[in-house]
Structure formats: structure tokens, C-alpha cells
$ cat model-v5.pdb   # PDB, C-alpha atoms, pLDDT in the B column
MODEL        1
ATOM      1  CA  MET A   1    -143.191  41.897-121.909  1.00 73.00           C
ATOM      2  CA  ILE A   2    -145.893  42.007-119.249  1.00 89.00           C
ATOM      3  CA  ALA A   3    -145.953  45.815-119.508  1.00 94.00           C
ATOM      4  CA  TRP A   4    -147.252  45.528-123.088  1.00 92.00           C
ATOM      5  CA  TYR A   5    -150.152  43.359-121.945  1.00 95.00           C
ATOM      6  CA  LEU A   6    -150.945  45.761-119.109  1.00 95.00           C
ATOM      7  CA  VAL A   7    -150.997  48.745-121.482  1.00 96.00           C
ATOM      8  CA  VAL A   8    -153.319  46.909-123.862  1.00 95.00           C
ATOM      9  CA  ALA A   9    -155.547  45.790-120.968  1.00 96.00           C
ATOM     10  CA  VAL A  10    -155.851  49.336-119.623  1.00 97.00           C
ATOM     11  CA  LEU A  11    -156.619  50.711-123.110  1.00 96.00           C
ATOM     12  CA  VAL A  12    -159.288  48.054-123.699  1.00 96.00           C
ATOM     13  CA  LEU A  13    -160.848  48.738-120.296  1.00 97.00           C
ATOM     14  CA  VAL A  14    -160.848  52.508-120.901  1.00 97.00           C
ATOM     15  CA  LEU A  15    -162.571  51.881-124.242  1.00 97.00           C
ATOM     16  CA  LEU A  16    -165.138  49.700-122.457  1.00 97.00           C
ATOM     17  CA  SER A  17    -165.653  52.498-119.899  1.00 96.00           C
ATOM     18  CA  ALA A  18    -166.233  55.036-122.664  1.00 96.00           C
ATOM     19  CA  ILE A  19    -168.769  52.730-124.316  1.00 96.00           C
ATOM     20  CA  CYS A  20    -170.605  52.249-121.005  1.00 93.00           C
ATOM     21  CA  HIS A  21    -170.571  56.032-120.450  1.00 94.00           C
ATOM     22  CA  ILE A  22    -172.068  56.624-123.911  1.00 95.00           C
ATOM     23  CA  PHE A  23    -174.758  53.985-123.427  1.00 94.00           C
ATOM     24  CA  ARG A  24    -175.721  55.263-119.985  1.00 90.00           C
ATOM     25  CA  SER A  25    -176.065  58.826-121.214  1.00 91.00           C
ATOM     26  CA  SER A  26    -177.666  58.121-124.594  1.00 92.00           C
ATOM     27  CA  PHE A  27    -180.184  55.351-123.923  1.00 91.00           C
ATOM     28  CA  ASN A  28    -181.757  56.580-120.708  1.00 84.00           C
ATOM     29  CA  PHE A  29    -185.482  57.209-121.148  1.00 84.00           C
ATOM     30  CA  MET A  30    -186.322  58.328-117.615  1.00 83.00           C
ATOM     31  CA  PRO A  31    -184.330  60.851-115.613  1.00 86.00           C
ATOM     32  CA  ASP A  32    -181.979  59.556-112.924  1.00 84.00           C
ATOM     33  CA  ARG A  33    -182.603  62.445-110.558  1.00 83.00           C
ATOM     34  CA  PHE A  34    -186.064  63.704-109.722  1.00 79.00           C
ATOM     35  CA  HIS A  35    -184.959  66.344-107.196  1.00 69.00           C
ATOM     36  CA  SER A  36    -182.426  68.966-108.164  1.00 61.00           C
ATOM     37  CA  GLY A  37    -181.800  70.386-104.726  1.00 61.00           C
ATOM     38  CA  GLY A  38    -183.424  72.771-102.324  1.00 63.00           C
ATOM     39  CA  GLY A  39    -184.652  70.121 -99.903  1.00 65.00           C
ATOM     40  CA  LEU A  40    -183.199  67.740 -97.402  1.00 72.00           C
ATOM     41  CA  PHE A  41    -180.081  66.068 -98.756  1.00 70.00           C
ATOM     42  CA  TRP A  42    -180.692  62.476 -97.627  1.00 71.00           C
ATOM     43  CA  ARG A  43    -184.420  62.544 -98.388  1.00 73.00           C
ATOM     44  CA  GLU A  44    -183.729  63.578-101.995  1.00 75.00           C
ATOM     45  CA  HIS A  45    -181.166  60.831-102.478  1.00 75.00           C
ATOM     46  CA  ILE A  46    -183.437  58.199-100.952  1.00 77.00           C
ATOM     47  CA  ILE A  47    -186.315  59.193-103.246  1.00 77.00           C
ATOM     48  CA  ASP A  48    -184.046  59.245-106.310  1.00 77.00           C
ATOM     49  CA  ASP A  49    -182.612  55.870-105.358  1.00 73.00           C
ATOM     50  CA  MET A  50    -186.076  54.335-105.003  1.00 78.00           C
ATOM     51  CA  LEU A  51    -187.603  55.825-108.162  1.00 77.00           C
ATOM     52  CA  SER A  52    -184.675  55.583-110.562  1.00 77.00           C
ATOM     53  CA  SER A  53    -183.249  52.414-112.027  1.00 75.00           C
ATOM     54  CA  ASN A  54    -179.934  54.109-112.849  1.00 79.00           C
ATOM     55  CA  TYR A  55    -179.244  56.186-109.731  1.00 82.00           C
ATOM     56  CA  GLY A  56    -177.703  54.569-106.686  1.00 79.00           C
ATOM     57  CA  PHE A  57    -175.691  55.128-103.554  1.00 79.00           C
ATOM     58  CA  TRP A  58    -172.394  55.033-105.432  1.00 84.00           C
ATOM     59  CA  ASP A  59    -173.550  57.811-107.759  1.00 84.00           C
ATOM     60  CA  MET A  60    -174.089  59.972-104.688  1.00 81.00           C
ATOM     61  CA  VAL A  61    -170.699  59.039-103.227  1.00 85.00           C
ATOM     62  CA  ALA A  62    -168.791  59.556-106.485  1.00 89.00           C
ATOM     63  CA  GLY A  63    -170.574  62.818-107.290  1.00 88.00           C
ATOM     64  CA  THR A  64    -171.975  61.845-110.677  1.00 89.00           C
ATOM     65  CA  GLU A  65    -173.094  64.903-112.629  1.00 91.00           C
ATOM     66  CA  TYR A  66    -176.575  65.314-114.113  1.00 89.00           C
ATOM     67  CA  ASP A  67    -178.073  67.932-116.409  1.00 89.00           C
ATOM     68  CA  GLU A  68    -180.873  70.295-115.397  1.00 87.00           C
ATOM     69  CA  ASP A  69    -183.535  67.723-116.357  1.00 87.00           C
ATOM     70  CA  GLY A  70    -182.025  65.007-114.131  1.00 85.00           C
ATOM     71  CA  PHE A  71    -180.415  62.923-116.891  1.00 90.00           C
ATOM     72  CA  TYR A  72    -176.844  61.565-116.755  1.00 91.00           C
ATOM     73  CA  GLU A  73    -174.591  64.234-118.241  1.00 92.00           C
ATOM     74  CA  PHE A  74    -172.946  63.121-121.499  1.00 94.00           C
ATOM     75  CA  PHE A  75    -170.463  65.997-121.828  1.00 94.00           C
ATOM     76  CA  SER A  76    -169.026  65.524-118.358  1.00 94.00           C
ATOM     77  CA  ILE A  77    -165.367  64.573-118.069  1.00 95.00           C
ATOM     78  CA  LYS A  78    -166.010  63.795-114.410  1.00 96.00           C
ATOM     79  CA  ASN A  79    -168.612  61.145-115.344  1.00 95.00           C
ATOM     80  CA  LEU A  80    -166.203  59.591-117.847  1.00 95.00           C
ATOM     81  CA  ARG A  81    -163.478  59.574-115.189  1.00 95.00           C
ATOM     82  CA  ILE A  82    -165.851  57.920-112.715  1.00 95.00           C
ATOM     83  CA  ALA A  83    -166.689  55.234-115.281  1.00 93.00           C
ATOM     84  CA  CYS A  84    -162.981  54.588-115.890  1.00 94.00           C
ATOM     85  CA  THR A  85    -162.268  54.599-112.156  1.00 92.00           C
ATOM     86  CA  TRP A  86    -164.703  51.712-111.684  1.00 89.00           C
ATOM     87  CA  THR A  87    -163.972  49.702-114.825  1.00 94.00           C
ATOM     88  CA  VAL A  88    -160.166  49.709-115.006  1.00 96.00           C
ATOM     89  CA  PRO A  89    -159.379  48.438-111.475  1.00 95.00           C
ATOM     90  CA  THR A  90    -162.239  45.924-111.573  1.00 96.00           C
ATOM     91  CA  GLY A  91    -161.157  44.607-114.972  1.00 96.00           C
ATOM     92  CA  LEU A  92    -157.497  44.359-113.950  1.00 96.00           C
ATOM     93  CA  ALA A  93    -158.474  42.608-110.719  1.00 96.00           C
ATOM     94  CA  ALA A  94    -160.512  40.093-112.727  1.00 96.00           C
ATOM     95  CA  LEU A  95    -157.632  39.535-115.165  1.00 95.00           C
ATOM     96  CA  PHE A  96    -155.158  38.926-112.349  1.00 94.00           C
ATOM     97  CA  SER A  97    -157.536  36.808-110.252  1.00 96.00           C
ATOM     98  CA  TYR A  98    -158.268  34.164-112.863  1.00 93.00           C
ATOM     99  CA  PRO A  99    -155.186  32.621-114.524  1.00 87.00           C
ATOM    100  CA  GLY A 100    -157.220  31.239-117.429  1.00 94.00           C
ATOM    101  CA  LEU A 101    -158.607  34.674-118.170  1.00 95.00           C
ATOM    102  CA  TRP A 102    -155.132  36.249-118.181  1.00 93.00           C
ATOM    103  CA  GLU A 103    -153.740  33.512-120.456  1.00 95.00           C
ATOM    104  CA  GLY A 104    -156.664  33.885-122.855  1.00 95.00           C
ATOM    105  CA  PHE A 105    -156.241  37.668-122.921  1.00 95.00           C
ATOM    106  CA  THR A 106    -152.510  37.421-123.659  1.00 95.00           C
ATOM    107  CA  ALA A 107    -153.178  34.883-126.417  1.00 95.00           C
ATOM    108  CA  ILE A 108    -155.693  37.241-128.032  1.00 95.00           C
ATOM    109  CA  VAL A 109    -153.280  40.178-127.737  1.00 95.00           C
ATOM    110  CA  ASP A 110    -150.552  38.092-129.396  1.00 95.00           C
ATOM    111  CA  GLU A 111    -152.822  37.011-132.267  1.00 95.00           C
ATOM    112  CA  ALA A 112    -154.786  40.241-132.866  1.00 92.00           C
ATOM    113  CA  PRO A 113    -152.185  42.057-135.042  1.00 91.00           C
ATOM    114  CA  GLY A 114    -152.082  39.073-137.411  1.00 93.00           C
ATOM    115  CA  TRP A 115    -155.883  39.016-137.627  1.00 93.00           C
ATOM    116  CA  LEU A 116    -156.014  42.732-138.353  1.00 91.00           C
ATOM    117  CA  TRP A 117    -153.306  42.474-141.012  1.00 94.00           C
ATOM    118  CA  ASP A 118    -155.115  39.570-142.690  1.00 94.00           C
ATOM    119  CA  LEU A 119    -158.338  41.588-142.670  1.00 93.00           C
ATOM    120  CA  ILE A 120    -156.625  44.612-144.254  1.00 94.00           C
ATOM    121  CA  VAL A 121    -155.017  42.451-146.945  1.00 95.00           C
ATOM    122  CA  TYR A 122    -158.355  40.727-147.649  1.00 95.00           C
ATOM    123  CA  ARG A 123    -160.165  44.068-147.989  1.00 92.00           C
ATOM    124  CA  ILE A 124    -157.507  45.458-150.338  1.00 93.00           C
ATOM    125  CA  GLU A 125    -157.552  42.324-152.508  1.00 92.00           C
ATOM    126  CA  ASN A 126    -161.349  42.468-152.796  1.00 92.00           C
ATOM    127  CA  LEU A 127    -161.568  46.193-153.402  1.00 91.00           C
ATOM    128  CA  ARG A 128    -163.782  47.064-156.369  1.00 85.00           C
ATOM    129  CA  TRP A 129    -163.968  50.533-157.806  1.00 80.00           C
ATOM    130  CA  MET A 130    -167.217  50.173-159.760  1.00 72.00           C
TER     131      MET A 130
ENDMDL
END

$ encode --input "model-v5.pdb" --output "C-alpha cells"
Amino acid sequence: MIAWYLVVAVLVLVLLSAICHIFRSSFNFMPDRFHSGGGLFWREHIIDDMLSSNYGFWDMVAGTEYDEDGFYEFFSIKNLRIACTWTVPTGLAALFSYPGLWEGFTAIVDEAPGWLWDLIVYRIENLRWM
């Protein structure tokens, strides 16, 4: 039975990763990278790290991809994978570290199908055609 909860936890965390990926790529007003290459490697990363609020050391280590204007690349599977690589293990570690959090999560997973079914029934009963 614990496998079911793990599958649901991983799916929820992957969905959270995708949402974070979309927000980071869509609501960024200033570019993350100001240098696109051609200079000294460490100097460029230090300048980008100082000037950008979204670019950091871990983006350099992970190899986050950016478009030609220096913005976080939305259509990059690698960026989505990086987001999932950070979110899923961290979320699972948090779930397993705090017993109250795990018990609350399992209670929500047990009750969620009933809530969704009640919502569907309510919407069908209150459906109006005109």
C-alpha cells in the first residue's frame, strides 16, 4: 500500500516541478545571463551571479539552458529534468523526515477520490443548459 502513496507523491512533486519550470520561464522580466560566451568562464558566471536574481551557482553546475537573449529556456527538456531532479528528492526527503507530514499526505490521498467524486456529482446535478 505504501507504493501507491509513493507513486502519488512522485506525481504531485513532478507536477509541482513543471509549475515551477513554467513560472521561472514565463514570469522573468530580466535576463538570467548577461554574457553568452566568448570570455573567461568564471568571470562570466560571477558577473551573471551578481547581476541576476535567478541565476546561481547551481544553474552553472547543472547546466541550465538559456535562449540567445539570456532568458531561461521554456522549451528545454533538460531544464524541466533539472527542476524535477531538485524537487522530487527534496519533497520525498521532507515527506519521510516529518512523520506528521507523511500522515497528513496519506490522509489527503485517501480522501481525495471521494472529494473529486462529490465535486463531479455536484456539478452534474447543478448543470443548466440555458

$ resolve_selection --input "model-v5.pdb" --expression "the PyMOL selection byres ((chain A and resi 5-7) around 10)" --output "list in words"
Met1, Ile2, Ala3, Trp4, Val8, Ala9, Val10, Leu11, Val12, Leu13, Leu92, Leu95, Trp102, Phe105, Thr106, Val109 and Asp110 of chain A

$ atom_distance --input "model-v5.pdb" --atom1 "CA of Asp48 in chain A" --atom2 "CA of Pro89 in chain A"
27.4 Å

$ atom_distance --input "model-v5.pdb" --atom1 "CA of Pro31 in chain A" --atom2 "CA of Trp58 in chain A"
16.7 Å

$ closest_residue --input "model-v5.pdb" --among "A:Phe34, A:Asp59, A:Phe74, A:Glu65" --to "Ile47 in chain A" --atoms "all atoms listed in the file"
A:Phe34

$ residues_around --input "model-v5.pdb" --residues "range 77-88 of chain A" --least-positions-apart "6" --cutoff "6 Å" --atoms "all atoms listed in the file" --output "PyMOL selection string"
chain A and resi 13-14+17+64

$ write_last_selection --input "model-v5.pdb" --atoms "C-alpha atoms" --output "JSON list (two decimals), in the frame of the given file"
[["chain", "number", "residue", "atom", "x", "y", "z"],
["A", 13, "LEU", "CA", -160.85, 48.74, -120.30],
["A", 14, "VAL", "CA", -160.85, 52.51, -120.90],
["A", 17, "SER", "CA", -165.65, 52.50, -119.90],
["A", 64, "THR", "CA", -171.98, 61.84, -110.68]]

$ closest_residue --input "model-v5.pdb" --among "A:Glu125, A:Glu44, A:Asp118, A:Glu73" --to "Ile22 in chain A" --atoms "all atoms listed in the file"
A:Glu73

$ atom_distance --input "model-v5.pdb" --atom1 "CA of Phe71 in chain A" --atom2 "CA of Gly91 in chain A"
26.6 Å
